[in-house]
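> See input-v2.cif below, with mmCIF, C-alpha atoms.
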```cif
data_start
#
loop_
_atom_site.label_atom_id
_atom_site.label_comp_id
_atom_site.auth_asym_id
_atom_site.auth_seq_id
_atom_site.Cartn_x
_atom_site.Cartn_y
_atom_site.Cartn_z
CA MET R 240 102.36 -44.13 237.55
CA LYS R 241 99.44 -46.27 238.78
CA ILE R 242 99.76 -47.26 242.43
CA ALA R 243 97.81 -50.21 243.83
CA VAL R 244 97.13 -49.79 247.56
CA ILE R 245 96.47 -53.30 248.85
CA ASP R 246 94.41 -54.25 251.89
CA VAL R 247 96.49 -57.33 252.69
CA ASP R 248 94.36 -58.55 255.62
CA HIS R 249 91.94 -60.33 253.29
CA ILE R 250 94.75 -62.43 251.82
CA PHE R 251 95.35 -64.45 254.98
CA TYR R 252 91.98 -66.18 254.93
CA LEU R 253 92.21 -66.71 251.19
CA SER R 254 95.61 -68.40 251.36
CA LEU R 255 95.60 -70.22 254.72
CA THR R 256 92.18 -71.87 254.76
CA GLY R 257 91.79 -75.39 253.46
CA GLU R 258 91.21 -76.35 249.83
CA LYS R 259 87.82 -77.83 248.90
CA LEU R 260 87.93 -81.52 247.98
CA LEU R 261 86.43 -82.33 244.57
CA ASP R 262 84.86 -85.49 243.17
CA GLU R 263 85.63 -87.08 239.80
CA ASN R 264 83.39 -84.48 238.12
CA GLU R 265 85.31 -81.60 239.70
CA GLU R 266 82.36 -80.82 241.95
CA PRO R 267 82.88 -79.95 245.64
CA ILE R 268 82.33 -82.92 247.96
CA LYS R 269 79.82 -82.43 250.77
CA ILE R 270 79.32 -84.54 253.89
CA ASP R 271 76.16 -83.91 255.91
CA GLY R 272 75.57 -80.84 253.76
CA LYS R 273 78.97 -79.32 254.47
CA PHE R 274 81.95 -78.87 252.16
CA THR R 275 85.03 -80.96 252.91
CA TYR R 276 88.52 -79.50 252.91
CA ARG R 277 92.15 -80.52 252.71
CA ASP R 278 94.64 -78.46 254.71
CA ARG R 279 97.18 -76.67 252.57
CA THR R 280 100.88 -76.88 253.29
CA PHE R 281 102.61 -73.57 253.94
CA GLU R 282 104.39 -73.88 250.59
CA GLU R 283 101.04 -74.31 248.85
CA SER R 284 99.68 -71.25 250.66
CA CYS R 285 102.66 -69.21 249.49
CA HIS R 286 102.00 -70.33 245.92
CA VAL R 287 98.36 -69.24 246.25
CA VAL R 288 99.48 -65.81 247.49
CA ASN R 289 102.06 -65.27 244.76
CA THR R 290 99.68 -66.29 241.99
CA TYR R 291 96.84 -64.22 243.40
CA LEU R 292 98.87 -61.03 243.80
CA SER R 293 100.71 -61.35 240.49
CA ASN R 294 97.42 -61.82 238.64
CA ILE R 295 95.76 -58.85 240.34
CA LEU R 296 98.65 -56.50 239.67
CA GLU R 297 98.68 -57.58 236.03
CA ILE R 298 94.89 -57.29 235.62
CA THR R 299 94.83 -53.78 237.10
CA ASN R 300 97.88 -52.62 235.10
CA ALA R 301 99.52 -51.34 238.27
CA THR R 302 103.03 -49.93 237.88
CA HIS R 303 103.65 -49.67 241.63
CA TYR R 304 102.10 -51.08 244.77
CA ILE R 305 102.05 -50.80 248.53
CA GLY R 306 100.32 -53.06 251.04
CA PHE R 307 99.28 -52.91 254.70
CA PHE R 308 98.26 -55.58 257.19
CA GLY R 309 98.03 -56.37 260.88
CA GLY R 310 96.82 -53.03 262.22
CA SER R 311 95.43 -52.58 265.74
CA SER R 312 91.88 -51.91 266.96
CA LYS R 313 93.26 -50.18 270.07
CA ALA R 314 92.25 -46.63 269.11
CA ARG R 315 88.63 -47.63 268.50
CA LYS R 316 88.40 -49.94 271.52
CA GLU R 317 89.47 -47.10 273.80
CA LEU R 318 86.38 -45.23 272.64
CA TYR R 319 84.05 -48.22 272.34
CA PRO R 320 85.22 -51.27 274.38
CA GLU R 321 82.73 -53.59 272.63
CA TYR R 322 84.26 -52.89 269.22
CA LYS R 323 84.83 -56.28 267.52
CA ALA R 324 84.08 -58.04 270.83
CA ASN R 325 82.11 -60.62 268.83
CA ARG R 326 85.35 -61.95 267.34
CA LYS R 327 86.91 -63.23 270.57
CA ASP R 328 86.24 -66.90 269.84
CA VAL R 329 87.54 -66.91 266.26
CA GLU R 330 90.13 -69.63 265.80
CA PRO R 331 93.51 -68.37 264.51
CA LEU R 332 94.57 -69.58 261.08
CA ASN R 333 97.34 -72.15 260.78
CA ASN R 334 100.72 -70.66 259.78
CA LEU R 335 99.41 -67.12 260.28
CA TYR R 336 102.65 -65.76 261.78
CA GLU R 337 104.74 -67.46 259.10
CA MET R 338 102.57 -65.95 256.37
CA LYS R 339 102.90 -62.48 257.89
CA MET R 340 106.68 -62.87 257.83
CA TYR R 341 106.55 -64.13 254.25
CA LEU R 342 104.41 -61.24 253.00
CA ALA R 343 106.59 -58.68 254.74
CA GLU R 344 109.81 -60.15 253.34
CA LYS R 345 108.76 -61.40 249.90
CA TRP R 346 106.30 -58.67 248.92
CA HIS R 347 107.59 -55.84 251.16
CA PHE R 348 104.14 -55.27 252.64
CA ASN R 349 103.92 -53.12 255.76
CA TRP R 350 103.23 -55.11 258.93
CA LEU R 351 101.54 -52.62 261.28
CA SER R 352 102.54 -54.37 264.50
CA GLY R 353 102.75 -51.82 267.31
CA TYR R 354 100.67 -49.22 265.48
CA GLN R 355 97.50 -47.84 267.08
CA HIS R 356 95.20 -47.87 264.05
CA GLU R 357 93.75 -50.48 261.76
CA THR R 358 94.85 -51.55 258.31
CA ASP R 359 91.88 -49.79 256.70
CA ASP R 360 92.96 -46.49 258.25
CA TYR R 361 96.41 -46.71 256.70
CA VAL R 362 94.98 -47.70 253.33
CA ALA R 363 92.57 -44.74 253.50
CA SER R 364 95.33 -42.36 254.60
CA PHE R 365 97.73 -43.43 251.87
CA VAL R 366 95.09 -43.07 249.15
CA LYS R 367 93.91 -39.71 250.47
CA GLN R 368 97.41 -38.29 250.59
CA THR R 369 98.89 -39.85 247.44
CA PRO R 370 97.91 -39.16 243.82
CA ASN R 371 97.46 -41.87 241.16
CA THR R 372 96.29 -44.51 243.60
CA PHE R 373 93.52 -47.07 243.67
CA ILE R 374 92.48 -49.57 246.34
CA ILE R 375 92.55 -53.36 246.02
CA SER R 376 90.20 -54.86 248.60
CA PRO R 377 86.93 -56.80 248.93
CA ASP R 378 86.19 -54.97 252.21
CA LYS R 379 82.89 -53.06 252.03
CA ASP R 380 84.12 -50.05 253.99
CA LEU R 381 87.16 -49.55 251.79
CA LEU R 382 85.13 -50.24 248.64
CA ASN R 383 82.80 -47.39 249.56
CA LEU R 384 85.47 -44.74 250.04
CA GLU R 385 85.54 -42.00 247.44
CA GLY R 386 87.72 -42.92 244.47
CA ASN R 387 88.71 -45.90 242.32
CA HIS R 388 88.70 -49.46 243.58
CA TYR R 389 89.33 -52.95 242.29
CA ASN R 390 87.28 -55.65 244.01
CA PRO R 391 89.27 -58.90 243.61
CA LYS R 392 86.38 -61.01 244.91
CA LYS R 393 84.12 -59.94 242.04
CA ASN R 394 86.91 -59.11 239.57
CA GLU R 395 85.44 -55.68 238.89
CA TRP R 396 86.33 -52.00 239.05
CA VAL R 397 84.25 -49.68 241.21
CA PHE R 398 84.20 -45.89 241.20
CA ILE R 399 82.63 -44.14 244.19
CA ASP R 400 81.71 -40.46 243.87
CA PRO R 401 81.60 -38.12 246.91
CA PHE R 402 77.82 -38.39 247.26
CA ALA R 403 77.83 -42.19 247.24
CA ALA R 404 80.70 -42.31 249.73
CA GLU R 405 78.99 -39.95 252.17
CA LYS R 406 75.63 -41.70 251.82
CA TYR R 407 77.23 -45.09 252.51
CA PHE R 408 79.05 -43.88 255.60
CA PHE R 409 76.16 -42.08 257.25
CA GLY R 410 73.85 -44.90 256.21
CA SER R 411 76.13 -47.32 258.06
CA MET R 412 75.71 -45.19 261.19
CA ILE R 413 72.01 -46.04 261.05
CA ILE R 414 72.29 -49.65 259.89
CA GLY R 415 75.32 -50.50 262.02
CA ASP R 416 77.98 -53.13 261.28
CA THR R 417 77.40 -56.58 262.77
CA SER R 418 80.88 -57.79 261.76
CA ASP R 419 82.44 -55.11 264.00
CA ASN R 420 79.77 -55.37 266.71
CA ILE R 421 78.43 -51.85 266.05
CA PRO R 422 74.64 -51.83 266.58
CA GLY R 423 73.51 -48.66 264.80
CA LEU R 424 69.80 -48.02 265.30
CA LYS R 425 67.94 -51.26 265.95
CA GLY R 426 65.28 -52.06 263.39
CA LYS R 427 66.52 -49.54 260.84
CA GLY R 428 67.82 -50.87 257.54
CA GLU R 429 68.62 -49.82 254.00
CA ALA R 430 65.01 -49.00 253.12
CA PHE R 431 64.86 -46.55 256.03
CA VAL R 432 68.18 -44.99 254.98
CA ASN R 433 66.91 -44.43 251.43
CA LYS R 434 63.88 -42.60 252.81
CA VAL R 435 66.04 -40.36 255.03
CA PHE R 436 68.67 -39.54 252.41
CA THR R 437 66.60 -38.05 249.61
CA GLU R 438 69.09 -35.26 248.86
CA PRO R 439 72.92 -35.19 248.74
CA LYS R 440 73.27 -32.88 251.72
CA ASP R 441 72.88 -32.57 255.49
CA PHE R 442 73.59 -36.25 256.06
CA ALA R 443 75.17 -35.62 259.46
CA GLU R 444 72.23 -33.55 260.71
CA LYS R 445 69.69 -36.06 259.44
CA VAL R 446 71.43 -38.97 261.13
CA LEU R 447 71.71 -37.06 264.41
CA SER R 448 67.95 -36.40 264.24
CA CYS R 449 67.41 -40.14 263.78
CA TYR R 450 69.54 -40.84 266.87
CA ILE R 451 67.57 -38.32 268.94
CA ASP R 452 64.27 -39.84 267.77
CA HIS R 453 65.55 -43.30 268.59
CA TYR R 454 67.03 -42.65 272.06
CA LYS R 455 64.53 -39.95 273.12
CA ASP R 456 67.23 -38.41 275.33
CA THR R 457 69.35 -35.81 273.48
CA ASN R 458 72.45 -36.28 275.63
CA ILE R 459 72.45 -40.05 275.20
CA ALA R 460 71.76 -39.67 271.48
CA ILE R 461 74.73 -37.32 271.00
CA GLU R 462 77.00 -39.67 272.97
CA LYS R 463 75.93 -42.69 270.90
CA TYR R 464 76.18 -40.70 267.68
CA TYR R 465 79.75 -39.64 268.44
CA GLN R 466 80.75 -43.16 269.53
CA THR R 467 79.34 -44.72 266.37
CA TYR R 468 80.85 -42.04 264.15
CA LYS R 469 84.36 -42.54 265.55
CA SER R 470 84.04 -46.33 265.43
CA LEU R 471 83.00 -46.42 261.78
CA LYS R 472 84.86 -43.47 260.28
CA LEU R 473 88.11 -44.44 258.60
CA VAL R 474 91.01 -42.16 259.52
CA ASN R 475 92.72 -40.61 256.49
CA ASP R 476 95.24 -38.23 258.05
CA LEU R 477 97.75 -40.69 259.55
CA ASP R 478 101.45 -40.18 258.91
CA ILE R 479 102.32 -42.32 255.88
CA SER R 480 105.69 -40.70 255.14
CA THR R 481 107.72 -43.72 256.29
CA PHE R 482 106.01 -46.19 253.96
CA ALA R 483 107.62 -46.78 250.58
CA ILE R 484 105.88 -47.82 247.38
CA ILE R 485 107.32 -50.69 245.31
CA ASN R 486 108.09 -50.25 241.61
CA ILE R 487 106.96 -53.52 240.03
CA ASN R 488 109.49 -53.31 237.19
CA ASN R 489 112.38 -52.88 239.65
CA ASP R 490 111.28 -55.55 242.10
CA THR R 491 113.46 -58.57 241.36
CA THR R 492 111.99 -60.73 244.15
CA LYS R 493 108.81 -61.59 242.19
#
```
Turn the structure described in the file into structure tokens.

Amino acid sequence: MKIAVIDVDHIFYLSLTGEKLLDENEEPIKIDGKFTYRDRTFEESCHVVNTYLSNILEITNATHYIGFFGGSSKARKELYPEYKANRKDVEPLNNLYEMKMYLAEKWHFNWLSGYQHETDDYVASFVKQTPNTFIISPDKDLLNLEGNHYNPKKNEWVFIDPFAAEKYFFGSMIIGDTSDNIPGLKGKGEAFVNKVFTEPKDFAEKVLSCYIDHYKDTNIAIEKYYQTYKSLKLVNDLDISTFAIININNDTTK
């Protein structure tokens, strides 16, 4: 058994955004330095999804799969109200609801509507609690979890050992995550992280020391440290008992 655990959230942008227009030489057409696009029909988007998923499952030799999408940021926003606040003005994709329905019905992916945690948390929990799994996702946080991963964006396998996973996570507490509106420690980047993490141990203590040095006030530093930790740390102990894996050979809908 080889179970693909799919982060489905990345598929919406891939399938529902427009298709680049090409010239007679099959080169993308640009106007005023910008690519031009043709909107896809919903049927075309469904074809993109089916081809994409079928190819990935074949390439990775998966025998089973499970997918998650549409989780909630509520749990993290209760702790840090500014979490993902920079995404308020993002325009919704055309046919987004219809695609969610399609993926839930056609591919039996798990739509996490009404759940309190994000898609990444359920992916992390399922992998942590289930043997013979690997993650399919281009997301940097999932790609840097301990274990085996297939990055569909780069068409490559990635293996992350415990040291690399821990270094990435605690490094992100220093660097921050601009996509999720998490500041980290201003002015501190990867070069600083590499200087701090010279040995595969005491990452938590070293990062806390960096926070204290940065904020100068121990109480504030501990509060910010805890807030950042909880905002960035993927949860891996959620209840995944109600989610069923799909046997590819028995799935007659594909």
> Mind running region 387-413 of chain R against region 240-257 of chain R at 12 Å and telling me each contacting residue's nearest atom pair with the distance in Å (one decimal), counting all atoms listed in the file, chain and number ascending, as JSON lines?

```
{"residue": "R:Asn387", "atom": "CA", "partner": "R:Ala243", "partner_atom": "CA", "distance": 10.2}
{"residue": "R:His388", "atom": "CA", "partner": "R:Ala243", "partner_atom": "CA", "distance": 9.1}
{"residue": "R:Tyr389", "atom": "CA", "partner": "R:Ala243", "partner_atom": "CA", "distance": 9.0}
{"residue": "R:Asn390", "atom": "CA", "partner": "R:Ile245", "partner_atom": "CA", "distance": 10.6}
{"residue": "R:Pro391", "atom": "CA", "partner": "R:His249", "partner_atom": "CA", "distance": 10.1}
{"residue": "R:Lys392", "atom": "CA", "partner": "R:His249", "partner_atom": "CA", "distance": 10.1}
```
> Work out how far CA of Met340 (chain R) is from CA of Leu260 (chain R), in Å to one decimal.
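Pair CA of Leu260 (chain R) / CA of Met340 (chain R) returns 28.2 Å.
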> Between CA of Asn349 (chain R) and CA of Lys379 (chain R), what is the distance in Å, rounded to a tenth?
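Result for CA of Asn349 (chain R) versus CA of Lys379 (chain R): 21.4 Å, one decimal.
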> Write out as a ChimeraX atom specification the residues lying within 12 Å of region 429-435 of chain R, counting only C-alpha atoms and excluding same-chain residues fewer than 6 positions away.
/R:403,406-415,423,441-449
> Using all atoms listed in the file for the distances, tell me which of R:Ile484, R:Cys285, R:Leu296, R:Ile375 is nearest to Glu337 (chain R).
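Distance minimum relative to Glu337 (chain R) lands on R:Cys285.
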> Decode the PyMOL selection byres ((chain R and resi 464) around 9) for the given file into explicit residues and return them as a PDB file with C-alpha atoms, keeping the file's coordinate frame.

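So the final result, stored in expr01.pdb, reads:
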```
ATOM      1  CA  MET R 412      75.710 -45.190 261.190  1.00  0.00           C
ATOM      2  CA  GLY R 423      73.510 -48.660 264.800  1.00  0.00           C
ATOM      3  CA  VAL R 446      71.430 -38.970 261.130  1.00  0.00           C
ATOM      4  CA  LEU R 447      71.710 -37.060 264.410  1.00  0.00           C
ATOM      5  CA  TYR R 450      69.540 -40.840 266.870  1.00  0.00           C
ATOM      6  CA  ILE R 459      72.450 -40.050 275.200  1.00  0.00           C
ATOM      7  CA  ALA R 460      71.760 -39.670 271.480  1.00  0.00           C
ATOM      8  CA  ILE R 461      74.730 -37.320 271.000  1.00  0.00           C
ATOM      9  CA  GLU R 462      77.000 -39.670 272.970  1.00  0.00           C
ATOM     10  CA  LYS R 463      75.930 -42.690 270.900  1.00  0.00           C
ATOM     11  CA  TYR R 465      79.750 -39.640 268.440  1.00  0.00           C
ATOM     12  CA  GLN R 466      80.750 -43.160 269.530  1.00  0.00           C
ATOM     13  CA  THR R 467      79.340 -44.720 266.370  1.00  0.00           C
ATOM     14  CA  TYR R 468      80.850 -42.040 264.150  1.00  0.00           C
ATOM     15  CA  LYS R 469      84.360 -42.540 265.550  1.00  0.00           C
TER      16      LYS R 469
END
```
> Tell me which protein, DNA and RNA residues are within 12 Å of Pro320 (chain R), counting only C-alpha atoms, leaving out same-chain ones fewer than 2 positions away, and put them as a VMD selection string.
chain R and resid 312 to 318 322 to 325 419 to 421 466 to 467 470
> Just to be explicit: take each residue in the selection above, keep C-alpha atoms, and write the result as a PDB file, in the frame of the given file.

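Once everything was written out, this is result02.pdb:
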```pdb
ATOM      1  CA  SER R 312      91.880 -51.910 266.960  1.00  0.00           C
ATOM      2  CA  LYS R 313      93.260 -50.180 270.070  1.00  0.00           C
ATOM      3  CA  ALA R 314      92.250 -46.630 269.110  1.00  0.00           C
ATOM      4  CA  ARG R 315      88.630 -47.630 268.500  1.00  0.00           C
ATOM      5  CA  LYS R 316      88.400 -49.940 271.520  1.00  0.00           C
ATOM      6  CA  GLU R 317      89.470 -47.100 273.800  1.00  0.00           C
ATOM      7  CA  LEU R 318      86.380 -45.230 272.640  1.00  0.00           C
ATOM      8  CA  TYR R 322      84.260 -52.890 269.220  1.00  0.00           C
ATOM      9  CA  LYS R 323      84.830 -56.280 267.520  1.00  0.00           C
ATOM     10  CA  ALA R 324      84.080 -58.040 270.830  1.00  0.00           C
ATOM     11  CA  ASN R 325      82.110 -60.620 268.830  1.00  0.00           C
ATOM     12  CA  ASP R 419      82.440 -55.110 264.000  1.00  0.00           C
ATOM     13  CA  ASN R 420      79.770 -55.370 266.710  1.00  0.00           C
ATOM     14  CA  ILE R 421      78.430 -51.850 266.050  1.00  0.00           C
ATOM     15  CA  GLN R 466      80.750 -43.160 269.530  1.00  0.00           C
ATOM     16  CA  THR R 467      79.340 -44.720 266.370  1.00  0.00           C
ATOM     17  CA  SER R 470      84.040 -46.330 265.430  1.00  0.00           C
TER      18      SER R 470
END
```
> Would you write out, as a PyMOL selection string, every residue that the PyMOL selection byres ((chain R and resi 478) around 10) captures in this file?
chain R and resi 361+364-365+368+475-477+479-482
> Using all atoms listed in the file, find all polymer residues with an atom at most 6 Å away from the point (83.7, -43.6, 246.9); report them as JSON, numbers by chain.
{"R": [383, 384, 385, 386, 399, 400, 401, 404]}
> Emit the selected residues as a JSON list (two decimals), keeping the file's coordinate frame, including C-alpha atoms.

```json
[["chain", "number", "residue", "atom", "x", "y", "z"],
["R", 383, "ASN", "CA", 82.80, -47.39, 249.56],
["R", 384, "LEU", "CA", 85.47, -44.74, 250.04],
["R", 385, "GLU", "CA", 85.54, -42.00, 247.44],
["R", 386, "GLY", "CA", 87.72, -42.92, 244.47],
["R", 399, "ILE", "CA", 82.63, -44.14, 244.19],
["R", 400, "ASP", "CA", 81.71, -40.46, 243.87],
["R", 401, "PRO", "CA", 81.60, -38.12, 246.91],
["R", 404, "ALA", "CA", 80.70, -42.31, 249.73]]
```
> Please, what distance in Å, to one decimal, runs between CA of Ser311 (chain R) and CA of Asn371 (chain R)?
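For CA of Ser311 (chain R) relative to CA of Asn371 (chain R), the distance reads 26.9 Å.
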> Can you pull out every residue within 8 Å of Gly310 (chain R), counting only C-alpha atoms, but drop anything in the same chain fewer than 4 positions away, and send it as a VMD selection string?
chain R and resid 350 to 358
